[in-house]
$ cat structure.cif   # mmCIF, C-alpha atoms
data_work
loop_
_atom_site.label_atom_id
_atom_site.label_comp_id
_atom_site.auth_asym_id
_atom_site.auth_seq_id
_atom_site.Cartn_x
_atom_site.Cartn_y
_atom_site.Cartn_z
CA MET A 1 248.74 -19.77 197.69
CA LYS A 2 244.99 -20.17 197.95
CA GLN A 3 243.66 -22.54 200.53
CA ALA A 4 240.28 -23.28 202.06
CA ILE A 5 238.51 -25.47 204.57
CA ILE A 6 235.58 -27.17 202.90
CA LYS A 7 232.73 -29.37 204.06
CA ILE A 8 231.68 -32.39 202.02
CA GLY A 9 228.93 -34.42 203.62
CA SER A 10 229.68 -34.50 207.34
CA ARG A 11 233.48 -34.23 207.00
CA GLN A 12 235.78 -31.21 206.71
CA PHE A 13 238.98 -30.98 204.65
CA ASN A 14 241.82 -28.45 204.49
CA ILE A 15 242.59 -28.06 200.77
CA GLN A 16 244.78 -26.18 198.30
CA GLU A 17 244.53 -25.85 194.52
CA GLY A 18 245.71 -29.05 192.84
CA ALA A 19 245.13 -31.24 195.92
CA VAL A 20 243.76 -34.76 195.60
CA LEU A 21 241.19 -35.90 198.18
CA THR A 22 239.71 -39.29 198.98
CA VAL A 23 236.21 -38.95 200.40
CA ASN A 24 233.30 -41.26 201.12
CA SER A 25 231.17 -42.26 198.17
CA LEU A 26 229.54 -39.34 196.37
CA LEU A 27 226.69 -40.77 194.39
CA THR A 28 224.73 -37.51 194.54
CA PRO A 29 225.88 -34.30 192.81
CA LEU A 30 228.95 -32.77 194.39
CA GLU A 31 228.03 -30.19 197.05
CA ILE A 32 230.99 -28.34 198.56
CA GLY A 33 230.46 -25.83 201.36
CA VAL A 34 233.35 -23.43 202.10
CA LEU A 35 233.95 -22.68 205.80
CA TYR A 36 237.24 -20.72 205.53
CA TYR A 37 239.21 -19.11 202.68
CA SER A 38 242.67 -17.56 202.51
CA ASP A 39 244.73 -16.32 199.57
CA GLY A 40 247.85 -15.37 201.51
CA LYS A 41 246.88 -11.70 201.89
CA THR A 42 243.32 -11.89 203.16
CA SER A 43 241.29 -14.51 204.95
CA MET A 44 237.55 -14.94 205.40
CA VAL A 45 235.62 -17.03 207.90
CA GLY A 46 232.06 -18.06 207.18
CA THR A 47 229.12 -18.10 209.57
CA PRO A 48 228.73 -21.07 208.94
CA LEU A 49 229.44 -21.01 205.16
CA LEU A 50 230.95 -18.54 202.69
CA GLU A 51 228.68 -17.97 199.70
CA ASP A 52 231.22 -15.83 197.75
CA ILE A 53 233.80 -18.60 197.31
CA VAL A 54 233.57 -21.22 194.56
CA VAL A 55 235.55 -24.47 194.69
CA LYS A 56 235.70 -26.43 191.43
CA ALA A 57 236.54 -30.12 191.74
CA THR A 58 236.49 -33.04 189.35
CA VAL A 59 235.87 -36.70 190.14
CA GLN A 60 238.89 -38.71 189.08
CA GLU A 61 237.79 -42.20 190.05
CA GLN A 62 235.47 -44.33 192.16
CA LYS A 63 237.21 -47.10 194.06
CA ARG A 64 236.79 -49.37 197.04
CA SER A 65 238.81 -49.22 200.24
CA ARG A 66 240.71 -52.12 201.70
CA LYS A 67 238.70 -54.81 203.41
CA LEU A 68 237.89 -54.36 207.10
CA LYS A 69 237.21 -57.53 209.10
CA VAL A 70 234.83 -57.37 212.02
CA GLY A 71 234.73 -60.28 214.45
CA ARG A 72 232.40 -61.24 217.27
CA PHE A 73 233.39 -63.74 219.90
CA LYS A 74 231.78 -65.17 223.03
CA SER A 75 233.98 -67.12 225.37
CA LYS A 76 233.16 -70.59 226.62
CA SER A 77 230.32 -71.06 224.12
CA ARG A 78 232.39 -71.70 220.97
CA TYR A 79 230.74 -68.78 219.20
CA HIS A 80 232.72 -66.68 216.76
CA LYS A 81 231.58 -64.87 213.69
CA VAL A 82 233.68 -62.87 211.21
CA SER A 83 232.33 -60.56 208.52
CA GLY A 84 234.00 -58.06 206.22
CA GLN A 85 233.21 -54.73 204.66
CA ARG A 86 234.66 -52.47 201.95
CA ASP A 87 233.63 -48.83 201.68
CA VAL A 88 233.15 -47.14 198.32
CA LEU A 89 235.43 -44.09 197.97
CA THR A 90 235.56 -41.18 195.55
CA VAL A 91 238.84 -39.52 194.54
CA LEU A 92 238.50 -35.77 193.87
CA LYS A 93 240.97 -33.30 192.40
CA ILE A 94 240.59 -29.65 193.42
CA ASP A 95 240.93 -27.63 190.21
CA LYS A 96 240.27 -24.09 191.35
CA ILE A 97 239.43 -22.00 194.41
CA SER A 98 238.12 -18.55 193.48
CA LEU A 99 235.80 -15.69 194.36
CA LYS A 100 232.48 -15.57 192.50
CA GLY A 101 233.18 -12.28 190.70
CA GLU A 102 236.84 -13.02 189.98
CA LYS A 103 237.85 -13.08 186.31
CA GLU A 104 239.50 -16.19 185.00
CA VAL A 105 243.01 -15.62 183.70
CA GLU A 106 243.76 -17.77 180.69
CA PRO A 107 247.33 -18.99 180.35
CA THR A 108 249.16 -17.27 177.51
CA GLU A 109 250.41 -19.48 174.73
CA LYS A 110 254.07 -19.45 173.80
CA ALA A 111 254.96 -17.76 170.54
CA GLU A 112 255.50 -20.20 167.74
CA THR A 113 259.12 -20.83 166.93
CA LYS A 114 260.30 -20.80 163.36
CA ALA A 115 260.04 -24.24 161.88
CA LYS A 116 263.23 -25.76 160.56
CA PRO A 117 263.19 -26.44 156.85
CA GLU A 118 262.14 -29.99 156.28
CA VAL A 119 264.40 -32.27 154.33
CA LYS A 120 262.56 -35.10 152.75
CA LYS A 121 263.77 -38.55 153.62
CA ALA A 122 263.35 -39.72 150.04
CA GLU A 123 265.84 -37.09 148.84
CA LYS A 124 268.39 -38.20 151.41
CA LYS A 125 268.01 -41.83 150.44
CA SER A 126 268.31 -41.11 146.74
CA ALA A 127 271.50 -39.11 147.37
CA LYS A 128 272.97 -42.06 149.29
CA VAL A 129 271.96 -44.52 146.60
CA THR A 130 273.55 -42.46 143.81
CA LYS A 131 276.71 -42.05 145.87
CA LYS A 132 276.92 -45.80 146.43
CA ALA A 133 276.27 -46.45 142.76
CA ALA A 134 279.07 -44.05 141.80
CA THR A 135 281.56 -45.67 144.16
CA SER A 136 280.59 -49.17 143.08
CA SER A 137 281.02 -48.25 139.39
CA LYS A 138 284.51 -46.83 140.17
CA ASN A 139 285.42 -50.07 141.97
CA LEU A 140 284.24 -52.11 138.97
CA LYS A 141 286.37 -50.06 136.60
CA LYS A 142 289.43 -50.52 138.80
CA LYS A 143 288.89 -54.28 138.90
CA GLU A 144 288.59 -54.50 135.12
CA LYS A 145 291.99 -52.85 134.59
#
$ encode --input "structure.cif" --output "C-alpha coordinates"
Amino acid sequence: MKQAIIKIGSRQFNIQEGAVLTVNSLLTPLEIGVLYYSDGKTSMVGTPLLEDIVVKATVQEQKRSRKLKVGRFKSKSRYHKVSGQRDVLTVLKIDKISLKGEKEVEPTEKAETKAKPEVKKAEKKSAKVTKKAATSSKNLKKKEK
(Lines of atoms letter the chains of each structure in order from A and count residues from 1; the text may use other names and numbers.)
(Lines give C-alpha, C1' and ligand atoms only; values in the text may rest on other atoms or scores of the structure.)
Protein backbone atom coordinates (compact mmCIF):
# COMPACT_ATOMS: atom_id res chain seq x y z
CA MET A 1 0.00 0.00 0.00
CA LYS A 2 1.46 3.32 -1.04
CA GLN A 3 1.46 6.10 1.47
CA ALA A 4 3.10 9.49 1.78
CA ILE A 5 3.40 12.52 4.01
CA ILE A 6 2.61 15.63 2.01
CA LYS A 7 2.73 19.35 2.68
CA ILE A 8 -0.08 21.61 1.48
CA GLY A 9 0.34 25.22 2.51
CA SER A 10 1.71 25.17 6.05
CA ARG A 11 0.08 21.87 7.08
CA GLN A 12 1.24 18.26 6.71
CA PHE A 13 -0.97 15.23 6.03
CA ASN A 14 -0.37 11.47 6.14
CA ILE A 15 -2.17 10.09 3.07
CA GLN A 16 -2.87 6.90 1.13
CA GLU A 17 -4.29 6.39 -2.35
CA GLY A 18 -8.05 6.97 -2.35
CA ALA A 19 -8.00 9.11 0.83
CA VAL A 20 -10.24 12.15 1.18
CA LEU A 21 -8.75 15.26 2.83
CA THR A 22 -10.32 18.47 4.07
CA VAL A 23 -7.84 21.34 3.89
CA ASN A 24 -7.99 25.12 4.18
CA SER A 25 -9.21 26.99 1.14
CA LEU A 26 -7.11 26.43 -1.98
CA LEU A 27 -7.89 29.28 -4.29
CA THR A 28 -4.47 29.08 -5.96
CA PRO A 29 -3.34 26.10 -8.07
CA LEU A 30 -2.78 22.96 -6.05
CA GLU A 31 0.85 22.65 -4.91
CA ILE A 32 1.68 19.41 -3.09
CA GLY A 33 5.15 18.83 -1.67
CA VAL A 34 6.06 15.24 -0.73
CA LEU A 35 8.12 14.86 2.47
CA TYR A 36 8.04 11.04 2.83
CA TYR A 37 7.06 8.12 0.56
CA SER A 38 6.63 4.40 1.21
CA ASP A 39 5.28 1.62 -0.98
CA GLY A 40 5.55 -1.19 1.57
CA LYS A 41 8.96 -2.40 0.34
CA THR A 42 10.99 0.80 0.18
CA SER A 43 10.73 4.17 1.83
CA MET A 44 12.25 7.53 0.97
CA VAL A 45 12.69 10.63 3.10
CA GLY A 46 13.13 14.02 1.47
CA THR A 47 15.53 16.78 2.47
CA PRO A 48 13.13 18.67 2.73
CA LEU A 49 11.07 17.51 -0.31
CA LEU A 50 11.13 14.55 -2.69
CA GLU A 51 11.15 15.66 -6.32
CA ASP A 52 10.74 12.11 -7.76
CA ILE A 53 7.28 11.49 -6.29
CA VAL A 54 4.08 12.75 -7.91
CA VAL A 55 0.79 12.98 -6.01
CA LYS A 56 -2.32 13.48 -8.15
CA ALA A 57 -5.35 14.90 -6.37
CA THR A 58 -8.69 16.23 -7.53
CA VAL A 59 -10.83 18.90 -5.88
CA GLN A 60 -14.20 17.40 -5.03
CA GLU A 61 -15.92 20.40 -3.47
CA GLN A 62 -15.52 23.78 -1.81
CA LYS A 63 -17.50 24.18 1.39
CA ARG A 64 -17.65 26.21 4.56
CA SER A 65 -16.90 24.94 8.04
CA ARG A 66 -19.26 25.22 10.97
CA LYS A 67 -19.61 28.61 12.57
CA LEU A 68 -17.18 29.54 15.34
CA LYS A 69 -18.35 32.15 17.84
CA VAL A 70 -15.79 34.43 19.44
CA GLY A 71 -16.83 36.48 22.46
CA ARG A 72 -15.19 39.32 24.35
CA PHE A 73 -16.29 40.29 27.82
CA LYS A 74 -15.20 42.85 30.41
CA SER A 75 -16.54 42.47 33.89
CA LYS A 76 -18.24 45.26 35.80
CA SER A 77 -18.53 47.48 32.72
CA ARG A 78 -21.43 45.70 30.96
CA TYR A 79 -19.30 45.16 27.86
CA HIS A 80 -19.73 42.02 25.80
CA LYS A 81 -19.30 41.51 22.11
CA VAL A 82 -19.87 38.32 20.09
CA SER A 83 -18.79 37.75 16.50
CA GLY A 84 -18.71 34.66 14.32
CA GLN A 85 -16.55 33.22 11.59
CA ARG A 86 -16.75 30.39 9.04
CA ASP A 87 -13.64 29.15 7.24
CA VAL A 88 -13.73 28.12 3.60
CA LEU A 89 -12.58 24.51 3.15
CA THR A 90 -11.56 22.43 0.15
CA VAL A 91 -12.21 18.68 -0.04
CA LEU A 92 -9.51 16.77 -1.96
CA LYS A 93 -9.42 13.16 -3.12
CA ILE A 94 -5.98 11.57 -3.55
CA ASP A 95 -6.10 9.71 -6.87
CA LYS A 96 -2.57 8.42 -7.28
CA ILE A 97 0.84 8.39 -5.61
CA SER A 98 3.61 7.39 -8.02
CA LEU A 99 7.23 7.81 -9.05
CA LYS A 100 7.90 10.19 -11.94
CA GLY A 101 9.26 7.52 -14.31
CA GLU A 102 6.74 4.84 -13.33
CA LYS A 103 4.51 3.54 -16.12
CA GLU A 104 0.79 3.74 -15.64
CA VAL A 105 -0.94 0.36 -15.64
CA GLU A 106 -4.33 0.53 -17.28
CA PRO A 107 -6.99 -1.76 -15.86
CA THR A 108 -7.83 -4.62 -18.20
CA GLU A 109 -11.38 -4.80 -19.43
CA LYS A 110 -13.41 -7.93 -18.89
CA ALA A 111 -14.05 -10.07 -21.93
CA GLU A 112 -17.48 -9.54 -23.37
CA THR A 113 -19.94 -12.27 -22.52
CA LYS A 114 -22.12 -13.76 -25.20
CA ALA A 115 -25.33 -11.83 -25.47
CA LYS A 116 -28.53 -13.77 -24.94
CA PRO A 117 -30.78 -13.89 -27.95
CA GLU A 118 -33.30 -11.12 -27.69
CA VAL A 119 -36.96 -11.97 -27.81
CA LYS A 120 -39.05 -9.11 -28.95
CA LYS A 121 -41.81 -8.05 -26.62
CA ALA A 122 -44.21 -7.56 -29.51
CA GLU A 123 -43.87 -11.23 -30.48
CA LYS A 124 -44.61 -12.33 -26.93
CA LYS A 125 -47.68 -10.13 -26.74
CA SER A 126 -49.01 -11.31 -30.08
CA ALA A 127 -48.60 -14.94 -28.99
CA LYS A 128 -50.58 -14.22 -25.81
CA VAL A 129 -53.29 -12.40 -27.74
CA THR A 130 -53.73 -15.24 -30.23
CA LYS A 131 -53.84 -17.76 -27.39
CA LYS A 132 -56.53 -15.75 -25.61
CA ALA A 133 -58.47 -15.39 -28.84
CA ALA A 134 -58.33 -19.15 -29.41
CA THR A 135 -59.54 -19.94 -25.90
CA SER A 136 -62.30 -17.35 -26.07
CA SER A 137 -63.53 -18.74 -29.41
CA LYS A 138 -63.62 -22.27 -27.89
CA ASN A 139 -65.64 -20.95 -24.94
CA LEU A 140 -68.09 -19.26 -27.32
CA LYS A 141 -68.59 -22.49 -29.26
CA LYS A 142 -69.24 -24.41 -26.05
CA LYS A 143 -71.84 -21.86 -24.94
CA GLU A 144 -73.65 -22.03 -28.27
CA LYS A 145 -74.14 -25.81 -28.00
$ atom_distance --input "structure.cif" --atom1 "CA of Val59 (chain A)" --atom2 "CA of Ser38 (chain A)"
23.8 Å
$ closest_residue --input "structure.cif" --among "A:Ile32, A:Val20, A:Val70, A:Leu27" --to "Ile5 (chain A)" --atoms "all atoms listed in the file"
A:Ile32
$ closest_residue --input "structure.cif" --among "A:Ser43, A:Ser65, A:Gln60, A:Ser77" --to "Val91 (chain A)" --atoms "all atoms listed in the file"
A:Gln60
$ atom_distance --input "structure.cif" --atom1 "CA of Thr47 (chain A)" --atom2 "CA of Ile8 (chain A)"
16.4 Å
$ resolve_selection --input "structure.cif" --expression "the PyMOL selection byres ((chain A and resi 88) around 8)" --output "PyMOL selection string"
chain A and resi 24-25+62-65+86-87+89-90
$ atom_distance --input "structure.cif" --atom1 "CA of Leu92 (chain A)" --atom2 "CA of Thr42 (chain A)"
26.1 Å
$ closest_residue --input "structure.cif" --among "A:Leu35, A:Leu30, A:Met1, A:Leu68" --to "Ile53 (chain A)" --atoms "all atoms listed in the file"
A:Leu35
$ resolve_selection --input "structure.cif" --expression "the PyMOL selection byres ((chain A and resi 11) around 12)" --output "ChimeraX atom specification"
/A:5-10,12-14,21-24,32-35
$ closest_residue --input "structure.cif" --among "A:Glu31, A:Asp52, A:Glu61, A:Glu17" --to "Ile97 (chain A)" --atoms "all atoms listed in the file"
A:Glu17
$ residues_near_point --input "structure.cif" --point "(239.3, -27.1, 192.9)" --cutoff "9 Å" --atoms "only C-alpha atoms" --output "JSON, numbers by chain"
{"A": [15, 16, 17, 18, 19, 54, 55, 56, 57, 58, 92, 93, 94, 95, 96, 97, 98]}
